[in-house]
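Participant: For reference, this is input-v1.pdb, and it has PDB, C-alpha atoms.
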MODEL        1
ATOM      1  CA  VAL A 175       2.998  36.571 -11.947
ATOM      2  CA  LEU A 176       0.413  34.404 -13.655
ATOM      3  CA  ALA A 177      -2.035  37.249 -14.283
ATOM      4  CA  ALA A 178       0.748  39.457 -15.618
ATOM      5  CA  ALA A 179       1.989  36.724 -17.963
ATOM      6  CA  CYS A 180      -1.366  36.490 -19.716
ATOM      7  CA  SER A 181      -1.582  38.921 -22.616
ATOM      8  CA  ALA A 182      -5.350  39.419 -22.659
ATOM      9  CA  LEU A 183      -6.709  42.649 -21.175
ATOM     10  CA  THR A 184      -8.934  40.543 -18.930
ATOM     11  CA  PRO A 185      -7.166  37.183 -18.719
ATOM     12  CA  THR A 186      -9.223  34.120 -17.941
ATOM     13  CA  VAL A 187      -7.543  32.045 -15.230
ATOM     14  CA  LEU A 188      -8.815  28.513 -14.686
ATOM     15  CA  VAL A 189      -8.484  27.222 -11.103
ATOM     16  CA  THR A 190      -8.898  23.440 -11.173
ATOM     17  CA  ASP A 191      -8.289  22.272  -7.607
ATOM     18  CA  GLY A 192      -9.395  25.183  -5.459
ATOM     19  CA  LEU A 193      -7.365  28.043  -4.030
ATOM     20  CA  ALA A 194      -7.353  29.977  -0.780
ATOM     21  CA  PRO A 195      -9.743  32.970  -0.820
ATOM     22  CA  CYS A 196      -6.828  35.401  -0.426
ATOM     23  CA  GLY A 197      -5.233  33.937  -3.558
ATOM     24  CA  LEU A 198      -8.428  34.309  -5.548
ATOM     25  CA  GLU A 199      -8.774  37.876  -4.301
ATOM     26  CA  ARG A 200      -5.264  38.770  -5.425
ATOM     27  CA  LEU A 201      -5.926  37.380  -8.894
ATOM     28  CA  ALA A 202      -9.167  39.359  -9.140
ATOM     29  CA  GLU A 203      -7.418  42.529  -7.967
ATOM     30  CA  ARG A 204      -5.020  42.152 -10.874
ATOM     31  CA  GLY A 205      -7.847  41.981 -13.378
ATOM     32  CA  ALA A 206      -8.153  38.234 -13.851
ATOM     33  CA  LYS A 207     -11.453  36.559 -14.636
ATOM     34  CA  ILE A 208     -11.477  33.434 -12.466
ATOM     35  CA  GLU A 209     -13.181  30.256 -13.649
ATOM     36  CA  GLU A 210     -13.559  26.780 -12.153
ATOM     37  CA  LEU A 211     -14.233  23.466 -13.855
ATOM     38  CA  ASN A 212     -17.801  23.071 -12.624
ATOM     39  CA  ASP A 213     -19.334  20.415 -14.902
ATOM     40  CA  ARG A 214     -16.923  20.948 -17.788
ATOM     41  CA  SER A 215     -14.132  18.617 -18.806
ATOM     42  CA  LEU A 216     -10.602  19.863 -18.261
ATOM     43  CA  GLN A 217     -10.019  19.982 -22.014
ATOM     44  CA  GLU A 218     -13.129  22.094 -22.569
ATOM     45  CA  ALA A 219     -12.265  24.491 -19.756
ATOM     46  CA  LEU A 220      -8.687  24.911 -20.992
ATOM     47  CA  SER A 221      -9.833  25.772 -24.507
ATOM     48  CA  SER A 222     -10.603  29.364 -23.490
ATOM     49  CA  ALA A 223      -8.155  29.819 -20.599
ATOM     50  CA  ASP A 224      -5.244  32.253 -20.719
ATOM     51  CA  GLY A 225      -3.811  30.786 -17.539
ATOM     52  CA  VAL A 226      -4.391  27.765 -15.311
ATOM     53  CA  ILE A 227      -3.606  27.068 -11.657
ATOM     54  CA  VAL A 228      -3.406  23.444 -10.565
ATOM     55  CA  ARG A 229      -2.578  21.483  -7.439
ATOM     56  CA  SER A 230      -1.550  17.837  -7.329
ATOM     57  CA  ALA A 231      -5.008  16.488  -8.218
ATOM     58  CA  THR A 232      -4.870  17.787 -11.812
ATOM     59  CA  THR A 233      -2.520  16.386 -14.446
ATOM     60  CA  LEU A 234      -1.682  18.590 -17.405
ATOM     61  CA  THR A 235      -0.640  16.215 -20.168
ATOM     62  CA  ALA A 236       1.011  17.145 -23.449
ATOM     63  CA  ALA A 237      -2.295  16.607 -25.255
ATOM     64  CA  LEU A 238      -4.147  18.987 -22.940
ATOM     65  CA  ILE A 239      -1.471  21.674 -23.238
ATOM     66  CA  GLU A 240      -1.340  21.352 -27.020
ATOM     67  CA  GLN A 241      -5.129  21.720 -27.249
ATOM     68  CA  ALA A 242      -5.253  24.912 -25.177
ATOM     69  CA  PRO A 243      -4.720  27.605 -27.858
ATOM     70  CA  SER A 244      -4.968  30.621 -25.531
ATOM     71  CA  LEU A 245      -2.840  29.255 -22.708
ATOM     72  CA  ARG A 246      -0.049  31.653 -21.746
ATOM     73  CA  CYS A 247       0.971  30.551 -18.261
ATOM     74  CA  ILE A 248       0.693  27.522 -15.957
ATOM     75  CA  GLY A 249       0.708  28.007 -12.198
ATOM     76  CA  ARG A 250       1.336  25.220  -9.693
ATOM     77  CA  ALA A 251      -0.061  25.896  -6.215
ATOM     78  CA  GLY A 252       2.705  23.933  -4.552
ATOM     79  CA  VAL A 253       6.169  22.831  -5.617
ATOM     80  CA  GLY A 254       5.980  19.409  -7.302
ATOM     81  CA  LEU A 255       5.894  19.483 -11.106
ATOM     82  CA  ASP A 256       5.490  15.780 -11.851
ATOM     83  CA  ASN A 257       1.839  16.362 -12.861
ATOM     84  CA  ILE A 258       2.723  18.874 -15.585
ATOM     85  CA  ASP A 259       4.292  17.950 -18.930
ATOM     86  CA  LEU A 260       7.158  20.446 -18.836
ATOM     87  CA  ASP A 261       8.413  19.519 -22.308
ATOM     88  CA  ALA A 262       5.020  20.285 -23.843
ATOM     89  CA  ALA A 263       4.898  23.610 -22.002
ATOM     90  CA  ALA A 264       8.414  24.507 -23.113
ATOM     91  CA  LYS A 265       7.564  23.608 -26.711
ATOM     92  CA  ARG A 266       4.739  26.161 -26.584
ATOM     93  CA  LYS A 267       6.990  28.616 -24.665
ATOM     94  CA  ILE A 268       4.472  28.612 -21.809
ATOM     95  CA  PRO A 269       6.094  29.547 -18.478
ATOM     96  CA  VAL A 270       5.423  27.232 -15.529
ATOM     97  CA  VAL A 271       5.545  28.941 -12.132
ATOM     98  CA  THR A 272       5.329  27.473  -8.639
ATOM     99  CA  SER A 273       4.575  28.806  -5.175
ATOM    100  CA  ALA A 274       7.969  27.758  -3.839
ATOM    101  CA  GLY A 275       8.109  27.996  -0.070
ATOM    102  CA  ALA A 276       4.376  28.462   0.425
ATOM    103  CA  SER A 277       3.818  24.927   1.724
ATOM    104  CA  THR A 278       7.178  24.420   3.440
ATOM    105  CA  ARG A 279       5.993  24.878   7.014
ATOM    106  CA  ALA A 280       2.700  23.052   6.472
ATOM    107  CA  VAL A 281       4.362  19.953   5.026
ATOM    108  CA  SER A 282       7.136  20.025   7.622
ATOM    109  CA  GLU A 283       4.695  20.145  10.531
ATOM    110  CA  LEU A 284       2.609  17.381   8.955
ATOM    111  CA  CYS A 285       5.773  15.304   8.696
ATOM    112  CA  MET A 286       6.371  15.774  12.418
ATOM    113  CA  ALA A 287       2.809  14.624  13.101
ATOM    114  CA  HIS A 288       3.476  11.461  11.086
ATOM    115  CA  LEU A 289       6.775  10.866  12.883
ATOM    116  CA  LEU A 290       5.025  11.226  16.228
ATOM    117  CA  GLN A 291       2.320   8.829  15.069
ATOM    118  CA  CYS A 292       5.016   6.279  14.199
ATOM    119  CA  ALA A 293       6.622   6.760  17.604
ATOM    120  CA  ARG A 294       3.564   6.855  19.844
ATOM    121  CA  GLY A 295       0.685   5.209  17.945
ATOM    122  CA  LEU A 296      -1.667   8.144  18.502
ATOM    123  CA  ILE A 297      -4.352   6.946  16.090
ATOM    124  CA  GLN A 298      -4.430   3.499  17.673
ATOM    125  CA  ALA A 299      -4.501   5.046  21.152
ATOM    126  CA  ASP A 300      -7.483   7.210  20.245
ATOM    127  CA  LYS A 301      -9.406   4.200  18.929
ATOM    128  CA  ALA A 302      -8.543   2.155  22.015
ATOM    129  CA  VAL A 303      -9.855   4.823  24.379
ATOM    130  CA  ALA A 304     -13.066   5.190  22.341
ATOM    131  CA  ASN A 305     -13.555   1.405  22.425
ATOM    132  CA  GLY A 306     -13.118   1.114  26.195
ATOM    133  CA  ALA A 307      -9.609  -0.378  26.083
ATOM    134  CA  PHE A 308      -7.973   2.370  28.125
ATOM    135  CA  LYS A 309      -6.007   0.138  30.519
ATOM    136  CA  ALA A 310      -5.239  -2.583  27.988
ATOM    137  CA  PHE A 311      -3.750  -0.190  25.456
ATOM    138  CA  LYS A 312      -1.840   1.767  28.072
ATOM    139  CA  GLY A 313      -0.074  -1.433  29.058
ATOM    140  CA  SER A 314       0.718  -2.573  25.514
ATOM    141  CA  ALA A 315       1.781   0.905  24.349
ATOM    142  CA  ALA A 316       4.495   1.069  26.970
ATOM    143  CA  SER A 317       6.388  -1.729  25.245
ATOM    144  CA  SER A 318       6.084  -0.440  21.676
ATOM    145  CA  ALA A 319       6.204   3.369  21.974
ATOM    146  CA  HIS A 320       9.448   5.307  21.791
ATOM    147  CA  GLU A 321      10.777   8.834  21.914
ATOM    148  CA  LEU A 322      12.084  10.598  18.828
ATOM    149  CA  GLY A 323      14.949  12.146  20.783
ATOM    150  CA  GLY A 324      18.201  10.296  20.228
ATOM    151  CA  LYS A 325      16.941   8.379  17.183
ATOM    152  CA  LYS A 326      18.648   8.496  13.787
ATOM    153  CA  LEU A 327      16.654  10.266  11.088
ATOM    154  CA  GLY A 328      17.438  10.061   7.389
ATOM    155  CA  LEU A 329      16.139  12.627   4.897
ATOM    156  CA  LEU A 330      15.952  11.425   1.299
ATOM    157  CA  GLY A 331      16.043  14.788  -0.451
ATOM    158  CA  PHE A 332      17.267  18.087   0.924
ATOM    159  CA  GLY A 333      15.208  20.918  -0.526
ATOM    160  CA  ARG A 334      13.298  23.624   1.344
ATOM    161  CA  ILE A 335      10.886  21.214   3.019
ATOM    162  CA  ALA A 336      13.576  18.725   4.029
ATOM    163  CA  ARG A 337      15.695  21.500   5.535
ATOM    164  CA  GLU A 338      12.731  22.652   7.611
ATOM    165  CA  ILE A 339      12.073  19.061   8.723
ATOM    166  CA  ALA A 340      15.735  18.741   9.678
ATOM    167  CA  TRP A 341      15.508  21.880  11.828
ATOM    168  CA  LEU A 342      12.408  20.565  13.611
ATOM    169  CA  CYS A 343      13.877  17.101  14.143
ATOM    170  CA  VAL A 344      17.112  18.508  15.548
ATOM    171  CA  ALA A 345      14.936  20.446  18.004
ATOM    172  CA  PHE A 346      13.427  17.092  19.021
ATOM    173  CA  GLY A 347      16.940  15.796  19.680
ATOM    174  CA  MET A 348      17.194  13.537  16.637
ATOM    175  CA  ASP A 349      20.469  12.701  14.920
ATOM    176  CA  VAL A 350      19.796  13.871  11.339
ATOM    177  CA  ALA A 351      21.478  12.847   8.088
ATOM    178  CA  ALA A 352      20.509  13.685   4.519
ATOM    179  CA  HIS A 353      21.113  12.525   0.971
ATOM    180  CA  SER A 354      20.461  14.397  -2.250
ATOM    181  CA  PRO A 355      22.295  14.312  -5.587
ATOM    182  CA  SER A 356      22.864  18.062  -5.233
ATOM    183  CA  LEU A 357      24.134  17.890  -1.626
ATOM    184  CA  ASP A 358      27.805  17.605  -0.691
ATOM    185  CA  ALA A 359      29.509  17.074   2.656
ATOM    186  CA  ASP A 360      30.410  20.749   3.130
ATOM    187  CA  GLU A 361      26.855  21.978   2.561
ATOM    188  CA  ALA A 362      25.480  19.261   4.841
ATOM    189  CA  TYR A 363      27.893  20.321   7.596
ATOM    190  CA  GLU A 364      26.900  23.982   7.177
ATOM    191  CA  SER A 365      23.225  22.942   7.398
ATOM    192  CA  GLY A 366      23.776  21.048  10.628
ATOM    193  CA  VAL A 367      23.171  17.534   9.278
ATOM    194  CA  LEU A 368      25.329  14.524   8.505
ATOM    195  CA  PHE A 369      26.073  13.717   4.866
ATOM    196  CA  ALA A 370      25.046  10.408   3.307
ATOM    197  CA  ASP A 371      26.636   9.799  -0.093
ATOM    198  CA  SER A 372      23.916   7.424  -1.341
ATOM    199  CA  PRO A 373      20.378   6.278  -0.544
ATOM    200  CA  GLN A 374      21.896   3.001   0.617
ATOM    201  CA  SER A 375      24.177   4.640   3.173
ATOM    202  CA  LEU A 376      21.298   6.852   4.362
ATOM    203  CA  PHE A 377      18.984   3.901   5.024
ATOM    204  CA  ALA A 378      21.783   1.842   6.567
ATOM    205  CA  ARG A 379      22.234   4.368   9.404
ATOM    206  CA  SER A 380      18.618   5.493   9.942
ATOM    207  CA  THR A 381      15.883   4.050  12.147
ATOM    208  CA  HIS A 382      13.490   6.690  10.784
ATOM    209  CA  VAL A 383      13.514   7.797   7.136
ATOM    210  CA  VAL A 384      11.521  10.666   5.606
ATOM    211  CA  LEU A 385      10.965  10.821   1.858
ATOM    212  CA  SER A 386      11.083  14.476   0.837
ATOM    213  CA  CYS A 387      12.491  14.389  -2.690
ATOM    214  CA  PRO A 388      10.866  15.183  -6.048
ATOM    215  CA  LEU A 389       9.406  12.414  -8.180
ATOM    216  CA  ASN A 390      11.487  11.969 -11.314
ATOM    217  CA  GLU A 391      13.066   9.151 -13.282
ATOM    218  CA  GLY A 392      15.821   8.867 -10.692
ATOM    219  CA  THR A 393      13.472   8.508  -7.711
ATOM    220  CA  ARG A 394      10.500   6.647  -9.190
ATOM    221  CA  ASN A 395      10.072   3.305  -7.371
ATOM    222  CA  LEU A 396      13.341   3.978  -5.548
ATOM    223  CA  VAL A 397      12.257   2.953  -2.061
ATOM    224  CA  GLY A 398      11.306  -0.657  -1.525
ATOM    225  CA  ARG A 399      12.461  -3.860   0.141
ATOM    226  CA  ASP A 400      16.144  -3.493  -0.791
ATOM    227  CA  LEU A 401      16.564  -0.152   0.975
ATOM    228  CA  ILE A 402      14.293  -0.988   3.923
ATOM    229  CA  ASP A 403      16.264  -4.170   4.545
ATOM    230  CA  LEU A 404      19.374  -2.022   5.061
ATOM    231  CA  MET A 405      17.845  -0.130   8.004
ATOM    232  CA  PRO A 406      19.352  -1.017  11.398
ATOM    233  CA  SER A 407      17.444  -3.396  13.642
ATOM    234  CA  GLU A 408      17.068  -1.473  16.877
ATOM    235  CA  GLU A 409      14.581  -1.576  19.730
ATOM    236  CA  CYS A 410      12.567   1.361  18.362
ATOM    237  CA  GLY A 411      11.959  -0.443  15.064
ATOM    238  CA  ARG A 412      12.120   0.799  11.478
ATOM    239  CA  HIS A 413       9.913   3.676  10.393
ATOM    240  CA  LEU A 414       9.238   5.290   7.017
ATOM    241  CA  VAL A 415       7.368   8.568   6.394
ATOM    242  CA  ASN A 416       6.435   9.785   2.921
ATOM    243  CA  VAL A 417       5.573  13.463   2.440
ATOM    244  CA  ALA A 418       6.935  13.587  -1.114
ATOM    245  CA  ARG A 419       5.147  11.570  -3.821
ATOM    246  CA  GLY A 420       3.559   8.135  -3.761
ATOM    247  CA  GLY A 421       5.486   6.917  -6.806
ATOM    248  CA  ILE A 422       8.789   7.093  -4.921
ATOM    249  CA  ALA A 423       7.844   4.195  -2.639
ATOM    250  CA  VAL A 424       6.933   0.810  -4.106
ATOM    251  CA  GLU A 425       3.638   0.279  -2.296
ATOM    252  CA  SER A 426       3.438  -3.465  -2.988
ATOM    253  CA  GLU A 427       6.845  -3.924  -1.337
ATOM    254  CA  ILE A 428       5.845  -1.692   1.571
ATOM    255  CA  VAL A 429       2.915  -4.073   2.158
ATOM    256  CA  GLU A 430       5.296  -7.054   2.157
ATOM    257  CA  CYS A 431       7.725  -5.358   4.545
ATOM    258  CA  LEU A 432       4.943  -4.496   7.000
ATOM    259  CA  ASN A 433       3.556  -8.026   6.809
ATOM    260  CA  GLU A 434       6.967  -9.603   7.404
ATOM    261  CA  GLY A 435       8.001  -7.227  10.167
ATOM    262  CA  LEU A 436      10.867  -5.724   8.181
ATOM    263  CA  LEU A 437       9.144  -2.343   8.554
ATOM    264  CA  THR A 438       7.502  -1.288  11.813
ATOM    265  CA  SER A 439       5.462   1.596  10.449
ATOM    266  CA  TYR A 440       4.713   3.427   7.226
ATOM    267  CA  ALA A 441       3.031   6.822   7.457
ATOM    268  CA  THR A 442       2.194   8.621   4.243
ATOM    269  CA  ASP A 443       0.447  11.691   2.918
ATOM    270  CA  VAL A 444       0.700  10.513  -0.696
ATOM    271  CA  PHE A 445      -0.154   7.529  -2.876
ATOM    272  CA  ALA A 446       0.962   6.321  -6.297
ATOM    273  CA  GLU A 447      -2.604   6.784  -7.570
ATOM    274  CA  GLU A 448      -4.696   9.638  -6.187
ATOM    275  CA  PRO A 449      -7.332   9.943  -4.998
ATOM    276  CA  CYS A 450      -6.697   6.591  -3.343
ATOM    277  CA  VAL A 451      -9.959   4.883  -2.358
ATOM    278  CA  ASP A 452      -8.698   1.313  -2.026
ATOM    279  CA  SER A 453      -5.284  -0.090  -1.151
ATOM    280  CA  PRO A 454      -3.873  -3.269   0.405
ATOM    281  CA  LEU A 455      -2.201  -0.921   2.887
ATOM    282  CA  PHE A 456      -5.540   0.083   4.402
ATOM    283  CA  GLY A 457      -6.103  -1.524   7.770
ATOM    284  CA  MET A 458      -2.588  -2.916   8.090
ATOM    285  CA  GLU A 459      -0.918  -2.753  11.480
ATOM    286  CA  GLY A 460       1.689  -0.009  11.419
ATOM    287  CA  PHE A 461       0.116   1.889   8.538
ATOM    288  CA  SER A 462      -1.371   5.369   8.785
ATOM    289  CA  ALA A 463      -2.210   7.966   6.162
ATOM    290  CA  THR A 464      -3.533  11.427   5.398
ATOM    291  CA  PRO A 465      -5.197  12.367   2.073
ATOM    292  CA  HIS A 466      -2.423  14.553   0.586
ATOM    293  CA  ILE A 467      -3.072  17.505   2.861
ATOM    294  CA  GLY A 468       0.560  18.618   3.156
TER     295      GLY A 468
ENDMDL
END
Please re-express this file's structure in structure tokens.
Facilitator:
Amino acid sequence: VLAAACSALTPTVLVTDGLAPCGLERLAERGAKIEELNDRSLQEALSSADGVIVRSATTLTAALIEQAPSLRCIGRAGVGLDNIDLDAAAKRKIPVVTSAGASTRAVSELCMAHLLQCARGLIQADKAVANGAFKAFKGSAASSAHELGGKKLGLLGFGRIAREIAWLCVAFGMDVAAHSPSLDADEAYESGVLFADSPQSLFARSTHVVLSCPLNEGTRNLVGRDLIDLMPSEECGRHLVNVARGGIAVESEIVECLNEGLLTSYATDVFAEEPCVDSPLFGMEGFSATPHIG
């Protein structure tokens, strides 16, 4: 789509954050000249690009889009569009295309890994074994670990990825509910999940919550102490997994909730600022992370 949208006979497509070899091959087969940033600034590289493909690490601001005279198409290798100024693209009549569905299974399976980490403390167990604390950890883990089966999961957001997560969690025996502004009770029933009419009602019934919604003005800084405090106090604890965007969770309040025991675990693939090289979350008990690999 991106190669076809570029009017040049040999369109120059800038790939800023890497792409799978098969993707690069398909672009080349369609006559695209593929370029990477190398040592150039993003602005310099965009100045001669007919198309650009970005992941989450690159932000296309209005200024960058306006200063790219040849740009005819923007491709997002993924689904989130919060790193692209859509108004600036629309003003220039530049189409923005995504690879909807391409990452659905990958993100969903990563979410399950994070849920299992919250339930069983796999990272801590690995470190304990390596440090010679085999028996000591085995004894302590028995009191804190739990099964996912029978627990109440809440999905904040109900797009492709959330629906796949729901399917996997139902297979684990979890009781799944979802909330999304676009979801109603009938559609939830048809999808095999319970309907929550607000974020508050979702958190109030869920021991485990997964953030899987887009980052926009309605979800920015949505999840913090107020919602976490609504979660039920049950033996398995309170667990939050973020496979959406870092800006949805208020990280400073997550730190407070972990410190005060209001939240048992927070597992995330995303941060408010990426790449994240320093955070008060690092090293906290109950915290685990991956570097936006979903």
Participant: For a quick check of understanding, using only C-alpha atoms, which of A:Arg214, A:Gly420, A:Asp400, A:Leu437 has the smallest distance to Met458 in chain A?
Facilitator: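 Distance minimum relative to Met458 in chain A lands on A:Leu437.
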Participant: Which value, in Å to one decimal, gives the distance between CA of Val444 in chain A and CA of Val344 in chain A?
Facilitator: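 For CA of Val444 in chain A relative to CA of Val344 in chain A, the distance reads 24.4 Å.
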Participant: With distances taken over only C-alpha atoms, which residue among A:Leu432, A:Ile339, A:Cys292, A:Leu327 lies nearest Ser380 in chain A?
Facilitator: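 Comparing A:Leu432, A:Ile339, A:Cys292, A:Leu327 against Ser380 in chain A, the winner is A:Leu327.
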Participant: Got a sec to resolve the PyMOL selection byres ((chain A and resi 218-234) around 9) on this structure and send the residues as a compact mmCIF listing (two decimals) with C-alpha atoms, in the coordinates of the input?
Facilitator:
# COMPACT_ATOMS: atom_id res chain seq x y z
CA LEU A 176 0.41 34.40 -13.66
CA ALA A 177 -2.04 37.25 -14.28
CA ALA A 179 1.99 36.72 -17.96
CA CYS A 180 -1.37 36.49 -19.72
CA SER A 181 -1.58 38.92 -22.62
CA ALA A 182 -5.35 39.42 -22.66
CA PRO A 185 -7.17 37.18 -18.72
CA THR A 186 -9.22 34.12 -17.94
CA VAL A 187 -7.54 32.04 -15.23
CA LEU A 188 -8.82 28.51 -14.69
CA VAL A 189 -8.48 27.22 -11.10
CA THR A 190 -8.90 23.44 -11.17
CA ASP A 191 -8.29 22.27 -7.61
CA GLY A 192 -9.40 25.18 -5.46
CA LEU A 193 -7.36 28.04 -4.03
CA GLU A 209 -13.18 30.26 -13.65
CA GLU A 210 -13.56 26.78 -12.15
CA LEU A 211 -14.23 23.47 -13.86
CA ARG A 214 -16.92 20.95 -17.79
CA SER A 215 -14.13 18.62 -18.81
CA LEU A 216 -10.60 19.86 -18.26
CA GLN A 217 -10.02 19.98 -22.01
CA THR A 235 -0.64 16.22 -20.17
CA ALA A 236 1.01 17.14 -23.45
CA ALA A 237 -2.30 16.61 -25.26
CA LEU A 238 -4.15 18.99 -22.94
CA ILE A 239 -1.47 21.67 -23.24
CA GLN A 241 -5.13 21.72 -27.25
CA ALA A 242 -5.25 24.91 -25.18
CA PRO A 243 -4.72 27.60 -27.86
CA SER A 244 -4.97 30.62 -25.53
CA LEU A 245 -2.84 29.26 -22.71
CA ARG A 246 -0.05 31.65 -21.75
CA CYS A 247 0.97 30.55 -18.26
CA ILE A 248 0.69 27.52 -15.96
CA GLY A 249 0.71 28.01 -12.20
CA ARG A 250 1.34 25.22 -9.69
CA ALA A 251 -0.06 25.90 -6.22
CA GLY A 252 2.70 23.93 -4.55
CA GLY A 254 5.98 19.41 -7.30
CA LEU A 255 5.89 19.48 -11.11
CA ASP A 256 5.49 15.78 -11.85
CA ASN A 257 1.84 16.36 -12.86
CA ILE A 258 2.72 18.87 -15.58
CA ASP A 259 4.29 17.95 -18.93
CA GLU A 448 -4.70 9.64 -6.19
CA PRO A 449 -7.33 9.94 -5.00
CA HIS A 466 -2.42 14.55 0.59
Participant: Check what the PyMOL selection byres ((chain A and resi 427) around 10) selects in the file above and give those residues as a list in words.
Facilitator: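 Applied to this file, the PyMOL selection byres ((chain A and resi 427) around 10) returns Asn395, Val397, Gly398, Arg399, Asp400, Ile402, Ala423, Val424, Glu425, Ser426, Ile428, Val429, Glu430, Cys431, Leu432 and Asn433 of chain A.
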Participant: To one decimal place in Å, what is the distance between CA of Ser453 in chain A and CA of Cys285 in chain A?
Facilitator: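 Those two atoms sit 21.4 Å apart.
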Participant: CA of Gln298 in chain A and CA of Met286 in chain A, how far apart in Å?
Facilitator: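 It comes out at 17.2 Å.
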